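Remarks on the structure that follows.
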Amino acid sequence: MKHIFYYTSCLILLFLGACQKDRPTDAEELEDMATEKKLAAYLPAETFSLNDLSRFKQATTAWRLVSAAYPTSISATDFETEAGTGVLLASGEQQTLSSKATHADLELELEYLLTKDAEVDVLFQEKYPLKLADSWSKGESGKNASVEDQLASQNVSRSPGLWQQLKTRFRAAEYDDNGNKVANARLDYVYINDVLVQDSVEFTSNNPLEANPLQFRLKQGQVAIKNIKWKALSQDSVLLQNIRYQLFKDLKVDAIPDFTQLEADETGTLTSLTKLEDLAKSKDYFGLIFEGDLIIPHDGNYLFETNIDDGGDLYIDGNLVIHNEDEPGMGTERAMVELTAGKHELKITFYEEVWFAWIDVQVEGPKTEKQYVASEPIFYPWKSKVKDLELEVKEEAVVQRAFVNYQNEKRTHTISVGHPAGVHYSYDLREGSLLKAWKGKFADVGDMWIDRGESQLLDPLNAVVEFTAGVPLARLDAANSDWPKKASTELQPKGYTINDKGLPTFQYELDAIQLEDFLDAKEDKLIRQMSFKGNAKNNMWHRVARADRIRAIADNWYSIGSNYYMKLNTKQAVDIRVSEGQQELVVNVLKNGEEDVLEYELLW
């Protein structure tokens, strides 16, 4: 529809010469320009290879490479390993591994696996420790993600033996020209399991004057580390200097015009690309051209992003780089450009039709973090400041209908349940699947109520673990048949009932088979009980879990991809099968009668 709108506008305005000469005239070309929408918002970090130990200084015998590490039990006092590469493993005490590469400012991501009571420090510049520690059983406290004496804002740690994620950005100390320190080293943020737990926390000790290596120092227990990603940053900026503008008043168009056919009403110089309405002395119907000298600090690929309302084009050295025109309102577009260090010509065309005038330009490049170029972060003046709106759970369970994010997809037929025991979950009502669970505080529902609640999202207030979505019950012709997709299932939702504790029981039907699905919480576990009734003719199956690796461990527990634990309390035969390159844990239900109950515990 957007393309139809564009071409119709051009036909209407053609006799005025208002459509831009150098914009693509073929729909296919315009689609090619839209491929920047597929670009991520940030340049990818460098993968820190773990094919061997060549990126590290001489390692102690405590550090070695394996291809996989698995817990031996839910208390995980030890790991089982498989020979190979890709995973760093260390055992013992006070064993340090240093990178050969040095760093100043640094963005770092990695995954880590700890045994019970294990501790490891990530030392930036060989000096500043961020502690990763087993804090799963420590309540709201614990040393995981602590910086010097400052503990994390909340405990989001997973059980020993389960993989966890770290994402952080380190800032080196700053010095003046006389060598005097003017700013302490700090961590801008620390995310553990996708939850912000440290925000702009400083290191108070003295900083090395030169860039030094990154270190991993095992203090006790065992640790495994994988998927290290690293992005070294300099303090260099992309600059836009000598900005000139041309202003076109009373410009009543609804597409980017051909400015070469128009005469500017005003020209001048600026220091930024913001406050456009002040510059135009008007809220609606004007156009602008900005030109300036773009100063690039390093050779390499640069990711440009523009947010524009209503529309505009960005040119570098005379080449159209980004076409940004959204209907209606604010549009975001991106493009990757290879540039040499030094000065380049930048040009931005812009038109404002009605309501809101805005341009911001962001760029990221080699050693240069994402930053605004002569502009400011987007600001919606009609929006109030969004504040957390916590939905609390007290003595009775809370059942809340809301949209839920699952694996970067918005699920709309969902319900979330807050349990007084502090173990909560989200459930897909359409397909009868348990999507995710978390502990601690229940949910932020600000997105449901503030500013008309456009997204309708319920956000968990602690780290989540995601389970296997998809229909829970299926008839399979053979044990190795592919599990049906949700679009092809005949599973029929039959609503749910609420018990005296406020907890729901979900009801479904499949080929005259009745299913009741009830979830409860006890201590740190989520307990799922599924009741089946009907004649299954020996071919009715329940898929319990799906992961890259499912392993049976001690006391009838299973490790599901080393992301969570599951204990099956059942007399039915349990099978681990391979389907579409992954392992599936399945149970043949109603095999020995017309009533069956399956119960399992979930721990993370």
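Ligands are numbered from 1 in the order shown, residues from 1 within each chain, and chains are lettered A, B, ... in the order they appear in the structure tokens.
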Test item: residues at most 12 Å from Asp524 in chain A, only C-alpha atoms, excluding those fewer than 2 positions along its chain, as a ChimeraX atom specification: /A:136-137,139,158-159,419-424,437-440,520-522,526-527,565,601-604
Residue contacts of Pro472 in chain A (10 Å, only C-alpha atoms) excluding same-chain residues fewer than 2 positions away, as a count of residues only: 21
Contacts of range 99-110 of chain A at 9 Å (only C-alpha atoms; same-chain gap of 4+ positions) as a PyMOL selection string: chain A and resi 45+54-57+124-125+164-173+210-216+225-235
Output N, CA and C atoms for every residue in that selection, as a compact mmCIF listing (two decimals), in the first residue's frame.
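Output saved as selection.txt:
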# COMPACT_ATOMS: atom_id res chain seq x y z
N ALA A 45 29.20 -7.99 17.32
CA ALA A 45 30.46 -8.04 18.04
C ALA A 45 31.35 -9.11 17.44
N SER A 54 44.76 -20.12 21.39
CA SER A 54 45.77 -19.22 20.84
C SER A 54 45.47 -17.75 21.14
N ARG A 55 44.24 -17.41 21.50
CA ARG A 55 43.92 -16.02 21.81
C ARG A 55 44.23 -15.66 23.27
N PHE A 56 44.76 -16.64 24.00
CA PHE A 56 45.11 -16.41 25.39
C PHE A 56 46.61 -16.54 25.61
N LYS A 57 47.08 -15.91 26.68
CA LYS A 57 48.45 -16.11 27.10
C LYS A 57 48.61 -17.52 27.64
N PHE A 124 38.40 -6.83 34.06
CA PHE A 124 38.65 -5.90 32.96
C PHE A 124 40.00 -5.22 33.20
N GLN A 125 40.80 -5.13 32.14
CA GLN A 125 42.15 -4.55 32.22
C GLN A 125 42.97 -5.20 33.34
N GLN A 164 23.90 -19.51 31.93
CA GLN A 164 23.45 -18.15 32.21
C GLN A 164 24.13 -17.19 31.24
N GLN A 165 23.55 -16.00 31.09
CA GLN A 165 24.08 -15.02 30.12
C GLN A 165 24.54 -13.75 30.84
N LEU A 166 25.66 -13.24 30.38
CA LEU A 166 26.20 -11.96 30.85
C LEU A 166 26.32 -11.02 29.67
N LYS A 167 25.89 -9.77 29.86
CA LYS A 167 26.09 -8.71 28.88
C LYS A 167 26.46 -7.45 29.64
N THR A 168 27.60 -6.83 29.29
CA THR A 168 28.04 -5.66 30.04
C THR A 168 28.88 -4.75 29.14
N ARG A 169 29.06 -3.50 29.61
CA ARG A 169 29.95 -2.57 28.91
C ARG A 169 30.85 -1.90 29.94
N PHE A 170 32.15 -2.04 29.73
CA PHE A 170 33.17 -1.47 30.61
C PHE A 170 33.68 -0.15 30.04
N ARG A 171 33.86 0.83 30.92
CA ARG A 171 34.45 2.12 30.54
C ARG A 171 35.76 2.29 31.31
N ALA A 172 36.83 2.49 30.56
CA ALA A 172 38.12 2.74 31.19
C ALA A 172 38.13 4.10 31.87
N ALA A 173 38.99 4.24 32.87
CA ALA A 173 39.13 5.54 33.54
C ALA A 173 39.61 6.60 32.55
N GLU A 210 47.43 2.21 30.77
CA GLU A 210 47.41 1.64 29.43
C GLU A 210 46.37 0.52 29.35
N ALA A 211 45.97 0.21 28.12
CA ALA A 211 45.03 -0.88 27.92
C ALA A 211 45.69 -2.21 28.29
N ASN A 212 45.00 -3.03 29.04
CA ASN A 212 45.50 -4.32 29.48
C ASN A 212 44.52 -5.41 29.11
N PRO A 213 44.91 -6.69 29.26
CA PRO A 213 44.05 -7.79 28.81
C PRO A 213 42.80 -7.98 29.67
N LEU A 214 41.89 -8.74 29.10
CA LEU A 214 40.74 -9.26 29.84
C LEU A 214 41.18 -10.57 30.49
N GLN A 215 40.71 -10.80 31.71
CA GLN A 215 41.09 -12.02 32.42
C GLN A 215 39.86 -12.74 32.97
N PHE A 216 39.99 -14.07 33.07
CA PHE A 216 39.04 -14.89 33.81
C PHE A 216 39.80 -15.53 34.96
N ILE A 225 32.64 -21.62 30.15
CA ILE A 225 32.35 -20.36 29.46
C ILE A 225 32.30 -20.63 27.96
N LYS A 226 31.31 -20.04 27.29
CA LYS A 226 31.21 -20.21 25.83
C LYS A 226 30.60 -18.96 25.22
N ASN A 227 30.60 -18.93 23.88
CA ASN A 227 29.97 -17.85 23.11
C ASN A 227 30.43 -16.47 23.58
N ILE A 228 31.74 -16.30 23.69
CA ILE A 228 32.29 -14.99 24.08
C ILE A 228 32.22 -14.05 22.88
N LYS A 229 31.63 -12.87 23.10
CA LYS A 229 31.58 -11.83 22.06
C LYS A 229 32.14 -10.55 22.65
N TRP A 230 32.94 -9.87 21.86
CA TRP A 230 33.73 -8.76 22.38
C TRP A 230 33.72 -7.65 21.34
N LYS A 231 33.53 -6.43 21.80
CA LYS A 231 33.56 -5.28 20.90
C LYS A 231 34.38 -4.18 21.58
N ALA A 232 35.62 -4.01 21.11
CA ALA A 232 36.49 -2.96 21.65
C ALA A 232 36.05 -1.61 21.10
N LEU A 233 36.00 -0.61 21.97
CA LEU A 233 35.52 0.72 21.59
C LEU A 233 36.59 1.76 21.86
N SER A 234 36.66 2.74 21.01
CA SER A 234 37.50 3.90 21.28
C SER A 234 36.59 5.05 21.69
N GLN A 235 37.18 6.16 22.06
CA GLN A 235 36.38 7.34 22.41
C GLN A 235 36.24 8.28 21.22
Sel. of strand (DSSP E) residues, range 167-237 of chain A, as a PyMOL selection string: chain A and resi 167-171+174-175+181-183+186-192+195-202+212-220+222-233
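Atom to atom, CA of Leu273 in chain A and CA of Thr260 in chain A stand 21.1 Å apart.
You will find CA of Glu466 in chain A at 13.9 Å from CA of Asp548 in chain A.
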Exercise: Trp163 in chain A partners within 10 Å, only C-alpha atoms, chain neighbours under 2 positions left out, as a list of chain:residue names: A:Ala69, A:Tyr70, A:Glu111, A:Tyr112, A:Leu113, A:Leu114, A:Ser157, A:Arg158, A:Ser159, A:Pro160, A:Gly161, A:Gln165, A:Asn193, A:Ala224, A:Ile225, A:Lys226, A:Gly561, A:Ser562, A:Asn563, A:Tyr564, A:Trp604
Residue subset to file, keeping N, CA and C atoms, as a compact mmCIF listing (two decimals), in the first residue's frame:
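Saved to out.txt:
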# COMPACT_ATOMS: atom_id res chain seq x y z
N ALA A 69 29.79 -29.31 28.37
CA ALA A 69 29.84 -29.59 29.80
C ALA A 69 28.41 -29.75 30.29
N TYR A 70 28.17 -30.79 31.09
CA TYR A 70 26.84 -31.10 31.56
C TYR A 70 26.83 -31.30 33.07
N GLU A 111 28.31 -16.62 27.82
CA GLU A 111 27.47 -17.52 28.60
C GLU A 111 28.37 -18.27 29.57
N TYR A 112 27.85 -18.55 30.77
CA TYR A 112 28.66 -19.22 31.77
C TYR A 112 27.84 -20.25 32.53
N LEU A 113 28.55 -21.26 33.02
CA LEU A 113 27.96 -22.39 33.72
C LEU A 113 28.75 -22.60 35.00
N LEU A 114 28.08 -22.64 36.14
CA LEU A 114 28.75 -22.75 37.44
C LEU A 114 28.30 -24.00 38.17
N SER A 157 19.79 -15.26 39.38
CA SER A 157 20.64 -16.41 39.09
C SER A 157 19.82 -17.67 38.85
N ARG A 158 20.37 -18.53 37.99
CA ARG A 158 19.77 -19.84 37.76
C ARG A 158 20.48 -20.89 38.61
N SER A 159 19.88 -22.06 38.65
CA SER A 159 20.41 -23.15 39.43
C SER A 159 21.79 -23.56 38.93
N PRO A 160 22.65 -24.07 39.82
CA PRO A 160 23.94 -24.60 39.36
C PRO A 160 23.75 -25.61 38.23
N GLY A 161 24.67 -25.58 37.27
CA GLY A 161 24.60 -26.50 36.15
C GLY A 161 23.77 -26.03 34.98
N GLN A 165 23.55 -16.00 31.09
CA GLN A 165 24.08 -15.02 30.12
C GLN A 165 24.54 -13.75 30.84
N ASN A 193 21.11 -12.79 32.48
CA ASN A 193 19.90 -13.46 31.99
C ASN A 193 18.86 -12.46 31.51
N ALA A 224 32.31 -23.18 33.30
CA ALA A 224 32.40 -23.33 31.86
C ALA A 224 31.96 -22.03 31.22
N ILE A 225 32.64 -21.62 30.15
CA ILE A 225 32.35 -20.36 29.46
C ILE A 225 32.30 -20.63 27.96
N LYS A 226 31.31 -20.04 27.29
CA LYS A 226 31.21 -20.21 25.83
C LYS A 226 30.60 -18.96 25.22
N GLY A 561 18.57 -29.05 27.66
CA GLY A 561 19.46 -28.08 27.01
C GLY A 561 20.33 -27.31 27.97
N SER A 562 20.50 -27.83 29.20
CA SER A 562 21.22 -27.11 30.26
C SER A 562 20.61 -25.72 30.50
N ASN A 563 19.31 -25.57 30.18
CA ASN A 563 18.59 -24.32 30.42
C ASN A 563 17.63 -24.42 31.60
N TYR A 564 17.11 -25.63 31.84
CA TYR A 564 16.28 -25.87 33.02
C TYR A 564 16.28 -27.37 33.30
N TRP A 604 14.76 -24.21 37.76
CA TRP A 604 15.76 -23.47 37.00
C TRP A 604 16.51 -22.50 37.90
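We find CA of Glu584 in chain A and CA of Ile550 in chain A to be spaced 7.5 Å apart.
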Could I get the residues of range 369-462 of chain A with an atom no further than 12 Å from an atom of range 331-350 of chain A, each paired with its nearest atom pair and that distance in Å to one decimal, using only C-alpha atoms, sorted by chain and residue number, as CSV?
residue,atom,partner,partner_atom,distance
A:Val373,CA,A:Leu346,CA,11.1
A:Ala374,CA,A:Leu346,CA,11.8
A:Ile378,CA,A:Thr332,CA,11.0
Store the residues picked out above, limited to C-alpha atoms, as a tab-separated table (two decimals), in the first residue's frame.
chain	number	residue	atom	x	y	z
A	373	VAL	CA	25.22	12.58	14.80
A	374	ALA	CA	24.32	16.25	15.36
A	378	ILE	CA	13.72	10.69	19.51
Nearby residues (only C-alpha atoms) at most 8 Å from range 261-270 of chain A, same-chain spacing under 4 positions excluded, as a PyMOL selection string: chain A and resi 17-18+242-249
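Residues with any atom within 12 Å of Asp482 in chain A, counting only C-alpha atoms and excluding same-chain neighbours fewer than 2 positions away, are A:Ala474, A:Arg475, A:Leu476, A:Asp477, A:Ala478, A:Ala479, A:Asn480, A:Pro484, A:Lys485, A:Trp541, A:Arg543, A:Arg577, A:Val578, A:Ser579, A:Glu580, A:Gly581, A:Gln582, A:Gln583, A:Glu584, A:Val586.
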File of the preceding selection, N, CA, C and O atoms, as a JSON list (two decimals), in the first residue's frame:
[["chain", "number", "residue", "atom", "x", "y", "z"],
["A", 474, "ALA", "N", -0.81, -35.03, 20.76],
["A", 474, "ALA", "CA", -0.94, -35.34, 19.33],
["A", 474, "ALA", "C", -1.03, -36.83, 19.11],
["A", 474, "ALA", "O", -0.45, -37.63, 19.86],
["A", 475, "ARG", "N", -1.76, -37.21, 18.07],
["A", 475, "ARG", "CA", -1.76, -38.60, 17.60],
["A", 475, "ARG", "C", -0.61, -38.75, 16.59],
["A", 475, "ARG", "O", -0.52, -37.99, 15.64],
["A", 476, "LEU", "N", 0.23, -39.73, 16.81],
["A", 476, "LEU", "CA", 1.35, -39.98, 15.92],
["A", 476, "LEU", "C", 1.19, -41.36, 15.29],
["A", 476, "LEU", "O", 0.94, -42.35, 15.99],
["A", 477, "ASP", "N", 1.36, -41.43, 13.97],
["A", 477, "ASP", "CA", 1.26, -42.73, 13.28],
["A", 477, "ASP", "C", 2.37, -43.66, 13.74],
["A", 477, "ASP", "O", 2.19, -44.87, 13.80],
["A", 478, "ALA", "N", 3.53, -43.09, 14.04],
["A", 478, "ALA", "CA", 4.66, -43.87, 14.51],
["A", 478, "ALA", "C", 5.43, -43.04, 15.52],
["A", 478, "ALA", "O", 5.30, -41.81, 15.56],
["A", 479, "ALA", "N", 6.23, -43.70, 16.34],
["A", 479, "ALA", "CA", 6.96, -43.00, 17.40],
["A", 479, "ALA", "C", 7.91, -41.95, 16.85],
["A", 479, "ALA", "O", 8.24, -40.99, 17.53],
["A", 480, "ASN", "N", 8.35, -42.12, 15.60],
["A", 480, "ASN", "CA", 9.29, -41.16, 15.01],
["A", 480, "ASN", "C", 8.61, -40.15, 14.08],
["A", 480, "ASN", "O", 9.28, -39.43, 13.34],
["A", 484, "PRO", "N", 3.17, -32.39, 15.10],
["A", 484, "PRO", "CA", 2.38, -31.48, 14.26],
["A", 484, "PRO", "C", 2.62, -30.01, 14.60],
["A", 484, "PRO", "O", 2.88, -29.65, 15.75],
["A", 485, "LYS", "N", 2.54, -29.17, 13.59],
["A", 485, "LYS", "CA", 2.63, -27.73, 13.78],
["A", 485, "LYS", "C", 1.31, -27.23, 14.36],
["A", 485, "LYS", "O", 0.26, -27.83, 14.15],
["A", 541, "TRP", "N", 0.33, -39.07, 22.21],
["A", 541, "TRP", "CA", 1.61, -38.71, 22.81],
["A", 541, "TRP", "C", 1.55, -37.28, 23.36],
["A", 541, "TRP", "O", 0.85, -36.42, 22.83],
["A", 543, "ARG", "N", 4.27, -34.25, 24.20],
["A", 543, "ARG", "CA", 5.67, -33.80, 24.09],
["A", 543, "ARG", "C", 5.99, -32.95, 25.31],
["A", 543, "ARG", "O", 5.43, -31.87, 25.49],
["A", 577, "ARG", "N", 13.68, -38.86, 21.67],
["A", 577, "ARG", "CA", 13.81, -39.13, 20.25],
["A", 577, "ARG", "C", 14.42, -37.94, 19.55],
["A", 577, "ARG", "O", 14.47, -36.83, 20.10],
["A", 578, "VAL", "N", 14.86, -38.12, 18.31],
["A", 578, "VAL", "CA", 15.43, -37.05, 17.50],
["A", 578, "VAL", "C", 14.42, -36.67, 16.42],
["A", 578, "VAL", "O", 13.89, -37.54, 15.72],
["A", 579, "SER", "N", 14.14, -35.37, 16.32],
["A", 579, "SER", "CA", 13.21, -34.88, 15.31],
["A", 579, "SER", "C", 13.70, -33.54, 14.80],
["A", 579, "SER", "O", 13.93, -32.62, 15.58],
["A", 580, "GLU", "N", 13.88, -33.43, 13.48],
["A", 580, "GLU", "CA", 14.31, -32.20, 12.83],
["A", 580, "GLU", "C", 15.57, -31.63, 13.48],
["A", 580, "GLU", "O", 15.69, -30.44, 13.72],
["A", 581, "GLY", "N", 16.51, -32.49, 13.81],
["A", 581, "GLY", "CA", 17.81, -32.07, 14.31],
["A", 581, "GLY", "C", 17.86, -31.77, 15.79],
["A", 581, "GLY", "O", 18.92, -31.38, 16.30],
["A", 582, "GLN", "N", 16.73, -31.91, 16.51],
["A", 582, "GLN", "CA", 16.73, -31.68, 17.95],
["A", 582, "GLN", "C", 16.16, -32.91, 18.67],
["A", 582, "GLN", "O", 15.52, -33.76, 18.06],
["A", 583, "GLN", "N", 16.42, -32.95, 19.97],
["A", 583, "GLN", "CA", 15.90, -34.03, 20.77],
["A", 583, "GLN", "C", 14.56, -33.64, 21.38],
["A", 583, "GLN", "O", 14.36, -32.48, 21.74],
["A", 584, "GLU", "N", 13.67, -34.60, 21.50],
["A", 584, "GLU", "CA", 12.36, -34.39, 22.09],
["A", 584, "GLU", "C", 12.12, -35.44, 23.18],
["A", 584, "GLU", "O", 12.39, -36.63, 22.97],
["A", 586, "VAL", "N", 9.26, -37.32, 24.99],
["A", 586, "VAL", "CA", 7.85, -37.60, 24.74],
["A", 586, "VAL", "C", 7.38, -38.74, 25.63],
["A", 586, "VAL", "O", 8.16, -39.61, 26.03]]
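Backbone DSSP over range 145-309 of chain A gives alpha helix (DSSP H) for Leu276, Glu277, Asp278, Leu279 and Ala280 of chain A.
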Who sits within 6 Å of Val589 in chain A, only C-alpha atoms, same chain under 2 positions skipped, as a PyMOL selection string: chain A and resi 540-541+587+591
